[in-house]
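Have a look at run18.cif; it's mmCIF, C-alpha atoms:
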```cif
data_data
loop_
_atom_site.label_atom_id
_atom_site.label_comp_id
_atom_site.auth_asym_id
_atom_site.auth_seq_id
_atom_site.Cartn_x
_atom_site.Cartn_y
_atom_site.Cartn_z
CA MET A 1 1.88 7.74 -13.29
CA THR A 2 3.90 7.60 -10.13
CA SER A 3 2.96 5.00 -7.61
CA CYS A 4 2.44 5.55 -3.93
CA ALA A 5 5.77 3.88 -3.22
CA ALA A 6 8.57 5.99 -1.89
CA PRO A 7 11.11 7.10 -4.46
CA ASP A 8 14.79 6.29 -3.90
CA GLN A 9 15.80 8.43 -0.92
CA SER A 10 19.38 8.72 -2.22
CA LEU A 11 18.39 10.75 -5.24
CA PRO A 12 18.56 14.54 -5.11
CA ALA A 13 15.13 16.10 -4.66
CA ALA A 14 13.42 17.52 -7.71
CA PRO A 15 13.46 21.33 -7.82
CA LEU A 16 11.19 22.59 -5.08
CA ALA A 17 7.96 24.03 -6.48
CA ASP A 18 6.84 27.47 -5.29
CA GLY A 19 5.01 27.09 -2.01
CA ALA A 20 6.16 23.50 -1.44
CA THR A 21 7.21 22.32 2.02
CA LEU A 22 10.02 19.79 2.09
CA ILE A 23 11.16 17.94 5.21
CA GLU A 24 14.57 16.43 4.66
CA GLY A 25 17.03 14.85 7.04
CA THR A 26 19.20 11.95 8.10
CA ILE A 27 19.11 9.23 10.71
CA SER A 28 22.31 8.16 12.42
CA GLN A 29 23.69 6.16 15.32
CA SER A 30 27.00 7.01 16.97
CA GLY A 31 27.77 9.30 14.05
CA ALA A 32 27.21 6.63 11.40
CA PRO A 33 24.25 6.77 8.99
CA VAL A 34 21.49 4.21 9.54
CA ALA A 35 20.33 2.64 6.28
CA GLY A 36 17.05 0.82 5.93
CA ALA A 37 15.27 2.51 8.82
CA TYR A 38 11.53 2.98 8.45
CA VAL A 39 10.96 6.72 8.94
CA ARG A 40 7.33 7.73 9.50
CA LEU A 41 5.78 11.20 9.32
CA HIS A 42 2.85 11.85 11.66
CA ASP A 43 0.75 15.03 11.80
CA ALA A 44 0.05 17.19 14.86
CA SER A 45 -2.75 14.87 15.99
CA GLY A 46 -0.47 11.84 15.77
CA GLU A 47 -2.07 10.62 12.55
CA PHE A 48 0.27 8.70 10.24
CA THR A 49 0.93 10.57 6.99
CA ALA A 50 3.79 8.86 5.17
CA GLU A 51 6.69 6.46 5.52
CA VAL A 52 9.99 6.05 3.69
CA VAL A 53 13.00 3.79 4.06
CA SER A 54 16.25 5.64 4.74
CA SER A 55 18.93 5.50 2.04
CA PRO A 56 22.42 4.01 2.47
CA GLU A 57 23.41 7.53 3.57
CA GLY A 58 20.61 7.55 6.17
CA SER A 59 18.64 10.16 4.20
CA PHE A 60 14.87 10.62 4.15
CA ARG A 61 12.56 13.17 2.57
CA PHE A 62 8.89 14.14 2.82
CA TYR A 63 6.74 16.55 0.82
CA ALA A 64 4.49 17.97 3.49
CA ALA A 65 2.66 21.18 4.40
CA PRO A 66 3.52 23.93 6.89
CA GLY A 67 2.79 22.99 10.49
CA ALA A 68 3.79 20.72 13.34
CA TRP A 69 4.97 17.22 12.50
CA GLU A 70 6.34 14.22 14.34
CA LEU A 71 8.94 11.84 12.92
CA ARG A 72 9.13 8.26 14.16
CA ALA A 73 11.79 5.81 13.07
CA LEU A 74 11.85 2.02 13.42
CA SER A 75 14.93 -0.05 12.75
CA PRO A 76 16.39 -3.39 13.85
CA LYS A 77 19.00 -1.21 15.62
CA GLY A 78 16.40 0.65 17.67
CA ASN A 79 13.60 3.20 17.47
CA THR A 80 13.53 6.98 17.88
CA ARG A 81 11.29 10.01 17.38
CA GLY A 82 11.53 13.75 16.89
CA GLU A 83 9.31 16.78 16.35
CA LEU A 84 9.55 19.81 14.12
CA THR A 85 7.50 22.75 12.90
CA ALA A 86 7.81 22.99 9.14
CA ALA A 87 7.53 26.14 7.05
CA ILE A 88 7.32 26.61 3.30
CA GLY A 89 10.66 25.69 1.77
CA LEU A 90 13.31 23.29 2.99
CA ASN A 91 13.14 22.03 6.59
CA ARG A 92 15.95 19.92 8.06
CA ALA A 93 15.42 17.17 10.61
CA GLU A 94 18.06 14.98 12.23
CA LEU A 95 17.20 11.73 13.99
CA VAL A 96 19.66 9.93 16.25
CA LEU A 97 19.34 6.35 17.46
CA THR A 98 20.70 5.95 20.95
CA MET B 1 -13.85 -16.57 6.43
CA ALA B 2 -11.37 -16.56 9.26
CA ARG B 3 -8.34 -14.31 9.60
CA THR B 4 -6.11 -17.41 9.54
CA ASP B 5 -7.43 -18.33 6.08
CA VAL B 6 -5.95 -15.21 4.50
CA LEU B 7 -3.28 -13.92 6.86
CA VAL B 8 -0.15 -15.73 8.03
CA SER B 9 2.51 -14.62 10.47
CA ALA B 10 6.18 -14.11 9.66
CA ASP B 11 6.91 -17.11 11.92
CA TRP B 12 4.56 -19.29 9.89
CA ALA B 13 6.10 -18.04 6.65
CA GLU B 14 9.64 -18.74 7.86
CA THR B 15 8.66 -22.27 8.86
CA ASN B 16 6.93 -22.98 5.57
CA LEU B 17 9.32 -21.44 3.05
CA ASN B 18 10.01 -24.80 1.43
CA ALA B 19 6.58 -26.35 1.83
CA PRO B 20 5.18 -27.90 -1.37
CA GLY B 21 2.22 -26.17 -2.96
CA LEU B 22 3.21 -22.72 -1.64
CA VAL B 23 4.59 -19.95 -3.84
CA PHE B 24 5.98 -16.92 -2.01
CA VAL B 25 5.65 -13.76 -4.06
CA GLU B 26 7.11 -10.33 -3.23
CA VAL B 27 5.20 -7.45 -4.78
CA ASP B 28 6.72 -3.99 -4.93
CA GLU B 29 6.72 -1.07 -7.23
CA ASP B 30 10.48 -1.00 -7.08
CA THR B 31 11.99 -4.43 -7.59
CA ALA B 32 15.30 -3.11 -6.23
CA ALA B 33 14.03 -4.08 -2.78
CA TYR B 34 13.61 -7.69 -3.91
CA ASP B 35 16.99 -7.68 -5.61
CA LYS B 36 18.71 -6.57 -2.41
CA GLY B 37 17.32 -9.60 -0.62
CA HIS B 38 14.07 -11.56 -0.52
CA LEU B 39 12.47 -14.48 1.29
CA THR B 40 14.21 -17.70 0.32
CA GLY B 41 12.53 -19.10 -2.78
CA ALA B 42 10.28 -16.11 -3.31
CA ILE B 43 9.66 -14.75 -6.80
CA LYS B 44 8.87 -11.14 -7.59
CA LEU B 45 6.03 -9.32 -9.28
CA ASP B 46 6.30 -5.68 -10.29
CA TRP B 47 2.92 -4.05 -9.65
CA LYS B 48 3.39 -1.73 -12.61
CA THR B 49 5.32 -3.54 -15.34
CA ASP B 50 3.75 -6.94 -14.60
CA LEU B 51 0.22 -6.03 -13.54
CA GLN B 52 -0.56 -2.82 -15.46
CA ASP B 53 -1.31 -2.53 -19.17
CA PRO B 54 1.75 -0.90 -20.78
CA VAL B 55 -0.31 1.63 -22.76
CA ARG B 56 -3.78 2.19 -21.28
CA ARG B 57 -4.52 2.91 -17.63
CA ASP B 58 -5.92 -0.51 -16.81
CA PHE B 59 -4.88 -3.96 -15.71
CA VAL B 60 -3.39 -6.64 -17.90
CA ASN B 61 -6.20 -8.65 -19.44
CA LYS B 62 -7.06 -12.27 -18.68
CA ALA B 63 -4.77 -13.68 -21.39
CA GLN B 64 -1.88 -11.48 -20.27
CA PHE B 65 -2.40 -12.47 -16.63
CA GLU B 66 -2.43 -16.14 -17.63
CA ALA B 67 0.81 -15.67 -19.59
CA LEU B 68 2.41 -13.84 -16.65
CA LEU B 69 1.57 -16.46 -14.04
CA SER B 70 2.47 -19.30 -16.40
CA ALA B 71 5.88 -17.76 -17.02
CA LYS B 72 6.40 -17.17 -13.29
CA GLY B 73 5.67 -20.82 -12.58
CA ILE B 74 2.46 -20.36 -10.59
CA SER B 75 -0.20 -23.08 -10.91
CA ASN B 76 -3.92 -22.79 -10.31
CA ASP B 77 -3.53 -25.24 -7.41
CA ASP B 78 -0.74 -23.31 -5.69
CA THR B 79 -1.33 -21.26 -2.57
CA VAL B 80 0.12 -17.83 -3.30
CA VAL B 81 1.68 -16.20 -0.23
CA LEU B 82 2.16 -12.48 -0.80
CA TYR B 83 4.31 -9.94 0.98
CA GLY B 84 5.90 -6.61 0.12
CA GLY B 85 7.12 -3.25 1.22
CA ASN B 86 5.11 -0.12 1.99
CA ASN B 87 3.22 -1.86 4.80
CA ASN B 88 1.99 -4.49 2.33
CA TRP B 89 0.16 -1.95 0.15
CA PHE B 90 1.23 -3.60 -3.06
CA ALA B 91 0.96 -7.11 -1.67
CA ALA B 92 -2.62 -6.31 -0.62
CA TYR B 93 -3.18 -4.86 -4.07
CA ALA B 94 -1.89 -8.13 -5.56
CA PHE B 95 -4.15 -10.08 -3.18
CA TRP B 96 -7.11 -8.14 -4.54
CA TYR B 97 -5.82 -8.59 -8.09
CA PHE B 98 -5.37 -12.38 -7.74
CA THR B 99 -8.88 -12.51 -6.25
CA LEU B 100 -10.19 -10.42 -9.14
CA TYR B 101 -8.91 -13.06 -11.55
CA GLY B 102 -10.28 -15.91 -9.46
CA HIS B 103 -7.19 -17.46 -7.87
CA THR B 104 -8.44 -19.92 -5.26
CA SER B 105 -5.91 -19.72 -2.46
CA VAL B 106 -4.12 -16.47 -1.59
CA LYS B 107 -2.56 -15.39 1.69
CA LEU B 108 -0.79 -12.30 2.96
CA ILE B 109 2.17 -12.29 5.36
CA ASP B 110 1.26 -10.04 8.30
CA GLY B 111 3.59 -7.03 8.38
CA GLY B 112 5.15 -7.88 5.02
CA ARG B 113 8.73 -7.01 4.28
CA LYS B 114 8.91 -4.37 7.01
CA LYS B 115 8.09 -6.76 9.86
CA TRP B 116 10.47 -9.32 8.33
CA GLU B 117 13.32 -6.77 8.27
CA LEU B 118 12.58 -5.36 11.73
CA ASP B 119 12.74 -8.94 13.05
CA SER B 120 16.15 -9.31 11.33
CA ARG B 121 14.97 -12.46 9.59
CA THR B 122 17.03 -14.03 6.81
CA LEU B 123 16.91 -12.53 3.33
CA SER B 124 18.36 -14.30 0.30
CA ASP B 125 19.92 -12.88 -2.85
CA GLU B 126 19.68 -16.11 -4.81
CA THR B 127 18.13 -16.06 -8.26
CA VAL B 128 14.81 -17.90 -8.13
CA THR B 129 13.39 -19.67 -11.15
CA ARG B 130 10.36 -21.91 -11.31
CA ALA B 131 9.28 -24.25 -14.08
CA ALA B 132 6.66 -22.70 -16.34
CA THR B 133 3.04 -23.73 -15.90
CA THR B 134 -0.17 -23.41 -17.86
CA TYR B 135 -2.21 -21.04 -15.73
CA VAL B 136 -5.89 -20.49 -16.45
CA ALA B 137 -7.52 -17.35 -15.00
CA GLN B 138 -11.21 -16.60 -14.53
CA GLU B 139 -12.97 -13.57 -15.97
CA GLN B 140 -12.59 -10.52 -13.69
CA ASP B 141 -14.90 -10.68 -10.68
CA LEU B 142 -16.38 -7.21 -10.98
CA SER B 143 -18.21 -7.61 -7.68
CA ILE B 144 -14.98 -6.40 -6.03
CA ARG B 145 -14.01 -3.65 -8.51
CA ALA B 146 -15.74 -0.26 -8.71
CA PHE B 147 -15.60 2.16 -11.63
CA ARG B 148 -16.12 5.91 -11.63
CA ASP B 149 -19.79 5.96 -12.64
CA GLU B 150 -20.68 3.69 -9.75
CA VAL B 151 -18.74 5.93 -7.38
CA VAL B 152 -20.62 9.03 -8.53
CA ALA B 153 -23.94 7.14 -8.27
CA SER B 154 -23.04 6.01 -4.75
CA ILE B 155 -22.66 9.50 -3.29
CA GLY B 156 -24.92 9.76 -0.26
CA ASP B 157 -25.91 6.11 -0.61
CA LYS B 158 -23.18 3.49 -0.20
CA ASN B 159 -20.31 3.70 2.26
CA LEU B 160 -17.56 5.61 0.46
CA VAL B 161 -14.36 5.10 2.41
CA ASP B 162 -11.48 7.41 1.60
CA VAL B 163 -8.41 5.71 3.06
CA ARG B 164 -5.88 8.48 2.32
CA SER B 165 -4.30 10.68 4.97
CA PRO B 166 -6.41 13.45 6.55
CA GLU B 167 -4.37 16.05 4.62
CA GLU B 168 -5.13 14.38 1.27
CA PHE B 169 -8.80 13.99 2.26
CA ALA B 170 -9.03 17.67 3.15
CA GLY B 171 -7.37 18.66 -0.11
CA THR B 172 -4.37 20.31 1.58
CA ILE B 173 -2.02 18.00 -0.32
CA LEU B 174 -2.65 15.93 -3.45
CA GLY B 175 -0.61 12.82 -2.74
CA PRO B 176 1.28 11.03 0.01
CA ALA B 177 3.82 13.23 1.73
CA HIS B 178 6.82 11.28 0.50
CA LEU B 179 6.04 12.12 -3.13
CA PRO B 180 6.29 15.33 -5.16
CA GLN B 181 2.84 16.90 -5.31
CA GLU B 182 1.89 16.55 -8.97
CA HIS B 183 -1.11 14.29 -9.19
CA ALA B 184 -4.86 14.84 -9.70
CA GLN B 185 -6.08 18.20 -10.99
CA LYS B 186 -8.11 18.97 -7.87
CA GLY B 187 -7.73 18.18 -4.18
CA GLY B 188 -10.46 17.00 -1.85
CA HIS B 189 -12.69 13.95 -1.61
CA VAL B 190 -15.87 12.39 -2.97
CA PRO B 191 -18.88 13.99 -1.23
CA SER B 192 -20.30 11.84 1.60
CA ALA B 193 -17.06 9.86 1.89
CA ILE B 194 -15.76 9.10 5.36
CA ASN B 195 -12.03 9.34 6.01
CA ILE B 196 -10.60 6.20 7.58
CA PRO B 197 -6.88 6.24 6.76
CA TRP B 198 -5.51 2.80 5.89
CA SER B 199 -2.82 3.37 8.51
CA LYS B 200 -5.34 3.20 11.34
CA ALA B 201 -5.77 -0.49 10.51
CA ALA B 202 -2.07 -1.21 10.95
CA ASN B 203 0.39 -1.21 13.79
CA ASP B 204 3.68 0.68 13.46
CA ASP B 205 5.45 -2.53 12.38
CA GLY B 206 2.98 -3.01 9.53
CA THR B 207 0.96 -5.86 11.06
CA PHE B 208 -2.82 -5.59 11.09
CA LYS B 209 -4.63 -4.65 14.25
CA SER B 210 -6.88 -7.22 15.92
CA ASP B 211 -10.38 -7.90 14.63
CA ASP B 212 -11.87 -6.22 17.71
CA GLU B 213 -9.75 -3.11 17.18
CA LEU B 214 -10.66 -3.02 13.49
CA SER B 215 -14.38 -3.40 14.15
CA ALA B 216 -14.23 -0.60 16.69
CA LEU B 217 -12.28 1.60 14.25
CA TYR B 218 -14.75 1.34 11.40
CA GLY B 219 -17.76 1.47 13.70
CA ALA B 220 -16.57 4.67 15.37
CA ALA B 221 -15.87 6.25 11.97
CA GLY B 222 -19.46 5.73 10.89
CA LEU B 223 -19.27 2.76 8.53
CA ASP B 224 -22.78 1.37 8.05
CA THR B 225 -22.31 -2.41 7.96
CA THR B 226 -25.74 -2.90 6.38
CA LYS B 227 -24.66 -1.06 3.24
CA ALA B 228 -22.33 -1.78 0.36
CA THR B 229 -18.88 -0.20 0.55
CA ILE B 230 -16.45 1.31 -1.96
CA ALA B 231 -12.90 2.06 -0.83
CA TYR B 232 -10.59 4.42 -2.67
CA CYS B 233 -7.25 6.18 -2.23
CA ARG B 234 -5.03 7.83 -4.84
CA ILE B 235 -4.35 4.98 -7.26
CA GLY B 236 -5.96 1.98 -5.63
CA GLU B 237 -3.32 0.16 -3.59
CA ARG B 238 -3.78 1.72 -0.17
CA SER B 239 -7.50 1.07 -0.68
CA SER B 240 -6.65 -2.58 -1.47
CA HIS B 241 -5.19 -2.70 2.04
CA SER B 242 -8.49 -1.43 3.48
CA TRP B 243 -10.49 -3.66 1.11
CA PHE B 244 -8.52 -6.60 2.55
CA VAL B 245 -9.36 -5.52 6.10
CA LEU B 246 -13.05 -4.99 5.45
CA SER B 247 -13.80 -7.94 3.18
CA GLN B 248 -11.23 -10.55 4.23
CA LEU B 249 -10.54 -9.90 7.93
CA LEU B 250 -13.89 -8.49 9.04
CA GLY B 251 -16.04 -10.41 6.53
CA GLN B 252 -18.00 -7.35 5.45
CA ALA B 253 -20.22 -8.16 2.43
CA ASP B 254 -20.15 -6.26 -0.87
CA VAL B 255 -16.89 -4.33 -0.60
CA LYS B 256 -15.33 -2.94 -3.77
CA ASN B 257 -12.03 -1.28 -4.50
CA TYR B 258 -12.15 1.78 -6.78
CA ASP B 259 -8.74 1.45 -8.42
CA GLY B 260 -9.25 4.59 -10.53
CA SER B 261 -9.27 6.40 -7.18
CA TRP B 262 -8.43 10.06 -6.67
CA VAL B 263 -6.04 10.37 -9.62
CA GLU B 264 -9.06 9.65 -11.82
CA TYR B 265 -11.87 11.21 -9.76
CA GLY B 266 -9.95 14.41 -8.99
CA SER B 267 -9.37 14.98 -12.70
CA LEU B 268 -12.92 14.32 -13.95
CA VAL B 269 -14.82 17.25 -15.40
CA GLY B 270 -18.07 18.12 -13.66
CA VAL B 271 -18.16 15.70 -10.75
CA PRO B 272 -18.86 17.05 -7.25
CA ILE B 273 -15.93 17.45 -4.85
CA GLU B 274 -15.83 18.35 -1.18
CA VAL B 275 -12.83 19.90 0.50
CA GLY B 276 -11.86 20.31 4.11
CA ALA B 277 -11.80 17.97 7.05
CA LYS B 278 -14.91 16.25 8.34
#
```
Produce structure tokens that represent the structure in this file.
Amino acid sequence: MTSCAAPDQSLPAAPLADGATLIEGTISQSGAPVAGAYVRLHDASGEFTAEVVSSPEGSFRFYAAPGAWELRALSPKGNTRGELTAAIGLNRAELVLT
Amino acid sequence: MARTDVLVSADWAETNLNAPGLVFVEVDEDTAAYDKGHLTGAIKLDWKTDLQDPVRRDFVNKAQFEALLSAKGISNDDTVVLYGGNNNWFAAYAFWYFTLYGHTSVKLIDGGRKKWELDSRTLSDETVTRAATTYVAQEQDLSIRAFRDEVVASIGDKNLVDVRSPEEFAGTILGPAHLPQEHAQKGGHVPSAINIPWSKAANDDGTFKSDDELSALYGAAGLDTTKATIAYCRIGERSSHSWFVLSQLLGQADVKNYDGSWVEYGSLVGVPIEVGAK
């Protein structure tokens, strides 16, 4: 049984199941990846859905559903947010700390 | 019970890292987090390999728990100060677990590992060993643990609090959105359950909201404080977080955690399920 903890964000994603919606991206600052950022997925109403810690490469990944989502990131280096509308399949999201 | 009896701040923890009679324990699913750096002097517990039976889906038994804590160097008289990743899900689960086996003094660090990291507090990579003890556990206190038959019998009667995300509650997805979706057989929730996501009880940095905010949250969501309550999630650790809020911070009586949770309930043959938002 898998736990509710986030899997290692560095690992390649498992093959995407038919109909699955994957949100995948990176967080960076001045072109350099930000490791150890807390990246949170919130739904269209602002409700928290999931949180992962970015990998040494700044990567994060969520298994979601089609629709509007908000990403929020917290890090000792700063905080940021972004929005996207996800569709079935792979959806990319890039977050930049200013 | 006061909030200060069970919850300590990161400042308090940092000041008391070397205080006698305290054992700091990090609890994560993935001990790699601990190995990359931990609170000075803290030992680690792996929620799965240390606290779960290696064969059956159940906890380690009393004798196994005694052997574990003895080997880790935890005494019955020690105050166990828990923290962990994932907004303290697994630390809250361990808090419930230590309480289940009758440990007298347990505390949780508000915000856990996340708050500690966001504050850029010191983490240590030293190897921590403690002298072995002879720990004696109590029999499980089943007044805080619910099983499936009680959950089914409680439909339309007790407060059933589903603490998963709205999408999991509705049955749109089967597990948290950071995991591949391969869990229970069916999506949805236990009929008559109210959806109060665990996350509503926490701030973005992982600390708990104030008692007034928490009371308002559960009141507005329809929790009947005159009734018994069973909290559940997918496998029982997010609901430990809400169990901690309801029973330890708000002092609500008769609150149980259903650790079988949706992975069990959503795979049972013949039980009623509701889908959709409420």
#### Entry: Point-to-point distance from CA of Ser124 in chain B to CA of Ala42 in chain B, Å rounded to tenths
9.0 Å
#### Entry: the PyMOL selection byres ((chain B) within 10 of (chain A)) resolved against shown file, as a ChimeraX atom specification
/B:28-30,32,47-48,57,85-87,89-90,114-115,117-120,164-168,172-173,175-183,197-200,204-205,233-238,263
What would the file look like if the residues just selected were written as a tab-separated table (two decimals), in the frame of the given file with C-alpha atoms?
```
chain	number	residue	atom	x	y	z
B	28	ASP	CA	6.72	-3.99	-4.93
B	29	GLU	CA	6.72	-1.07	-7.23
B	30	ASP	CA	10.48	-1.00	-7.08
B	32	ALA	CA	15.30	-3.11	-6.23
B	47	TRP	CA	2.92	-4.05	-9.65
B	48	LYS	CA	3.39	-1.73	-12.61
B	57	ARG	CA	-4.52	2.91	-17.63
B	85	GLY	CA	7.12	-3.25	1.22
B	86	ASN	CA	5.11	-0.12	1.99
B	87	ASN	CA	3.22	-1.86	4.80
B	89	TRP	CA	0.16	-1.95	0.15
B	90	PHE	CA	1.23	-3.60	-3.06
B	114	LYS	CA	8.91	-4.37	7.01
B	115	LYS	CA	8.09	-6.76	9.86
B	117	GLU	CA	13.32	-6.77	8.27
B	118	LEU	CA	12.58	-5.36	11.73
B	119	ASP	CA	12.74	-8.94	13.05
B	120	SER	CA	16.15	-9.31	11.33
B	164	ARG	CA	-5.88	8.48	2.32
B	165	SER	CA	-4.30	10.68	4.97
B	166	PRO	CA	-6.41	13.45	6.55
B	167	GLU	CA	-4.37	16.05	4.62
B	168	GLU	CA	-5.13	14.38	1.27
B	172	THR	CA	-4.37	20.31	1.58
B	173	ILE	CA	-2.02	18.00	-0.32
B	175	GLY	CA	-0.61	12.82	-2.74
B	176	PRO	CA	1.28	11.03	0.01
B	177	ALA	CA	3.82	13.23	1.73
B	178	HIS	CA	6.82	11.28	0.50
B	179	LEU	CA	6.04	12.12	-3.13
B	180	PRO	CA	6.29	15.33	-5.16
B	181	GLN	CA	2.84	16.90	-5.31
B	182	GLU	CA	1.89	16.55	-8.97
B	183	HIS	CA	-1.11	14.29	-9.19
B	197	PRO	CA	-6.88	6.24	6.76
B	198	TRP	CA	-5.51	2.80	5.89
B	199	SER	CA	-2.82	3.37	8.51
B	200	LYS	CA	-5.34	3.20	11.34
B	204	ASP	CA	3.68	0.68	13.46
B	205	ASP	CA	5.45	-2.53	12.38
B	233	CYS	CA	-7.25	6.18	-2.23
B	234	ARG	CA	-5.03	7.83	-4.84
B	235	ILE	CA	-4.35	4.98	-7.26
B	236	GLY	CA	-5.96	1.98	-5.63
B	237	GLU	CA	-3.32	0.16	-3.59
B	238	ARG	CA	-3.78	1.72	-0.17
B	263	VAL	CA	-6.04	10.37	-9.62
```
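Using all atoms listed in the file, the nearest neighbour of Gly67 in chain A within the list A:Ser45, A:Thr26, A:Ala93, A:Thr85 is A:Thr85.
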### Query
To one decimal place, how far is CA of Gly171 in chain B from CA of Glu213 in chain B in Å?
27.9 Å
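For the pair CA of Val6 in chain B and CA of Thr104 in chain B, the separation is 11.1 Å.
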### range 150-155 of chain B surroundings by all atoms listed in the file, 7 Å radius, close-in-sequence under 4 positions cut, as an MDAnalysis selection string
chainID B and resid 146 191:192
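When all atoms listed in the file are used to compute distances to Lys107 in chain B, the closest of the residues B:Thr49, B:Thr4, B:Asn159, B:Ser210 turns out to be B:Thr4.
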List, as a compact mmCIF listing (two decimals) with C-alpha atoms, in the frame of the given file, every residue that the PyMOL selection byres ((chain B and resi 70) around 12) selects in the file provided.
```
# COMPACT_ATOMS: atom_id res chain seq x y z
CA ALA B 63 -4.77 -13.68 -21.39
CA GLN B 64 -1.88 -11.48 -20.27
CA PHE B 65 -2.40 -12.47 -16.63
CA GLU B 66 -2.43 -16.14 -17.63
CA ALA B 67 0.81 -15.67 -19.59
CA LEU B 68 2.41 -13.84 -16.65
CA LEU B 69 1.57 -16.46 -14.04
CA ALA B 71 5.88 -17.76 -17.02
CA LYS B 72 6.40 -17.17 -13.29
CA GLY B 73 5.67 -20.82 -12.58
CA ILE B 74 2.46 -20.36 -10.59
CA SER B 75 -0.20 -23.08 -10.91
CA ASN B 76 -3.92 -22.79 -10.31
CA ASP B 78 -0.74 -23.31 -5.69
CA ARG B 130 10.36 -21.91 -11.31
CA ALA B 131 9.28 -24.25 -14.08
CA ALA B 132 6.66 -22.70 -16.34
CA THR B 133 3.04 -23.73 -15.90
CA THR B 134 -0.17 -23.41 -17.86
CA TYR B 135 -2.21 -21.04 -15.73
CA VAL B 136 -5.89 -20.49 -16.45
CA ALA B 137 -7.52 -17.35 -15.00
```
Could N, CA, C and O atoms be built for range 26-37 of chain A and written out as a PDB file, in the coordinates of the input?
```pdb
ATOM      1  N   THR A  26      18.461  13.206   8.036  1.00  0.00           N
ATOM      2  CA  THR A  26      19.200  11.950   8.100  1.00  0.00           C
ATOM      3  C   THR A  26      18.953  11.292   9.445  1.00  0.00           C
ATOM      4  O   THR A  26      18.593  11.954  10.429  1.00  0.00           O
ATOM      5  N   ILE A  27      19.163   9.989   9.465  1.00  0.00           N
ATOM      6  CA  ILE A  27      19.110   9.230  10.710  1.00  0.00           C
ATOM      7  C   ILE A  27      20.478   8.587  10.918  1.00  0.00           C
ATOM      8  O   ILE A  27      21.069   8.058   9.967  1.00  0.00           O
ATOM      9  N   SER A  28      20.964   8.677  12.148  1.00  0.00           N
ATOM     10  CA  SER A  28      22.310   8.160  12.420  1.00  0.00           C
ATOM     11  C   SER A  28      22.350   7.506  13.799  1.00  0.00           C
ATOM     12  O   SER A  28      21.442   7.668  14.624  1.00  0.00           O
ATOM     13  N   GLN A  29      23.428   6.775  14.015  1.00  0.00           N
ATOM     14  CA  GLN A  29      23.690   6.160  15.320  1.00  0.00           C
ATOM     15  C   GLN A  29      25.188   6.232  15.569  1.00  0.00           C
ATOM     16  O   GLN A  29      25.969   5.760  14.736  1.00  0.00           O
ATOM     17  N   SER A  30      25.582   6.827  16.630  1.00  0.00           N
ATOM     18  CA  SER A  30      27.000   7.010  16.970  1.00  0.00           C
ATOM     19  C   SER A  30      27.764   7.642  15.808  1.00  0.00           C
ATOM     20  O   SER A  30      28.890   7.252  15.493  1.00  0.00           O
ATOM     21  N   GLY A  31      27.131   8.573  15.130  1.00  0.00           N
ATOM     22  CA  GLY A  31      27.770   9.300  14.050  1.00  0.00           C
ATOM     23  C   GLY A  31      27.740   8.606  12.701  1.00  0.00           C
ATOM     24  O   GLY A  31      28.124   9.192  11.687  1.00  0.00           O
ATOM     25  N   ALA A  32      27.261   7.366  12.667  1.00  0.00           N
ATOM     26  CA  ALA A  32      27.210   6.630  11.400  1.00  0.00           C
ATOM     27  C   ALA A  32      25.778   6.621  10.859  1.00  0.00           C
ATOM     28  O   ALA A  32      24.819   6.480  11.634  1.00  0.00           O
ATOM     29  N   PRO A  33      25.608   6.778   9.548  1.00  0.00           N
ATOM     30  CA  PRO A  33      24.250   6.770   8.990  1.00  0.00           C
ATOM     31  C   PRO A  33      23.571   5.414   9.190  1.00  0.00           C
ATOM     32  O   PRO A  33      24.243   4.372   9.172  1.00  0.00           O
ATOM     33  N   VAL A  34      22.258   5.439   9.397  1.00  0.00           N
ATOM     34  CA  VAL A  34      21.490   4.210   9.540  1.00  0.00           C
ATOM     35  C   VAL A  34      20.690   4.001   8.254  1.00  0.00           C
ATOM     36  O   VAL A  34      19.793   4.781   7.936  1.00  0.00           O
ATOM     37  N   ALA A  35      21.061   2.972   7.509  1.00  0.00           N
ATOM     38  CA  ALA A  35      20.330   2.640   6.280  1.00  0.00           C
ATOM     39  C   ALA A  35      19.184   1.703   6.601  1.00  0.00           C
ATOM     40  O   ALA A  35      19.233   0.954   7.570  1.00  0.00           O
ATOM     41  N   GLY A  36      18.134   1.783   5.797  1.00  0.00           N
ATOM     42  CA  GLY A  36      17.050   0.820   5.930  1.00  0.00           C
ATOM     43  C   GLY A  36      16.139   1.033   7.111  1.00  0.00           C
ATOM     44  O   GLY A  36      15.368   0.146   7.472  1.00  0.00           O
ATOM     45  N   ALA A  37      16.212   2.219   7.731  1.00  0.00           N
ATOM     46  CA  ALA A  37      15.270   2.510   8.820  1.00  0.00           C
ATOM     47  C   ALA A  37      13.930   2.934   8.223  1.00  0.00           C
ATOM     48  O   ALA A  37      13.883   3.584   7.175  1.00  0.00           O
TER      49      ALA A  37
END
```
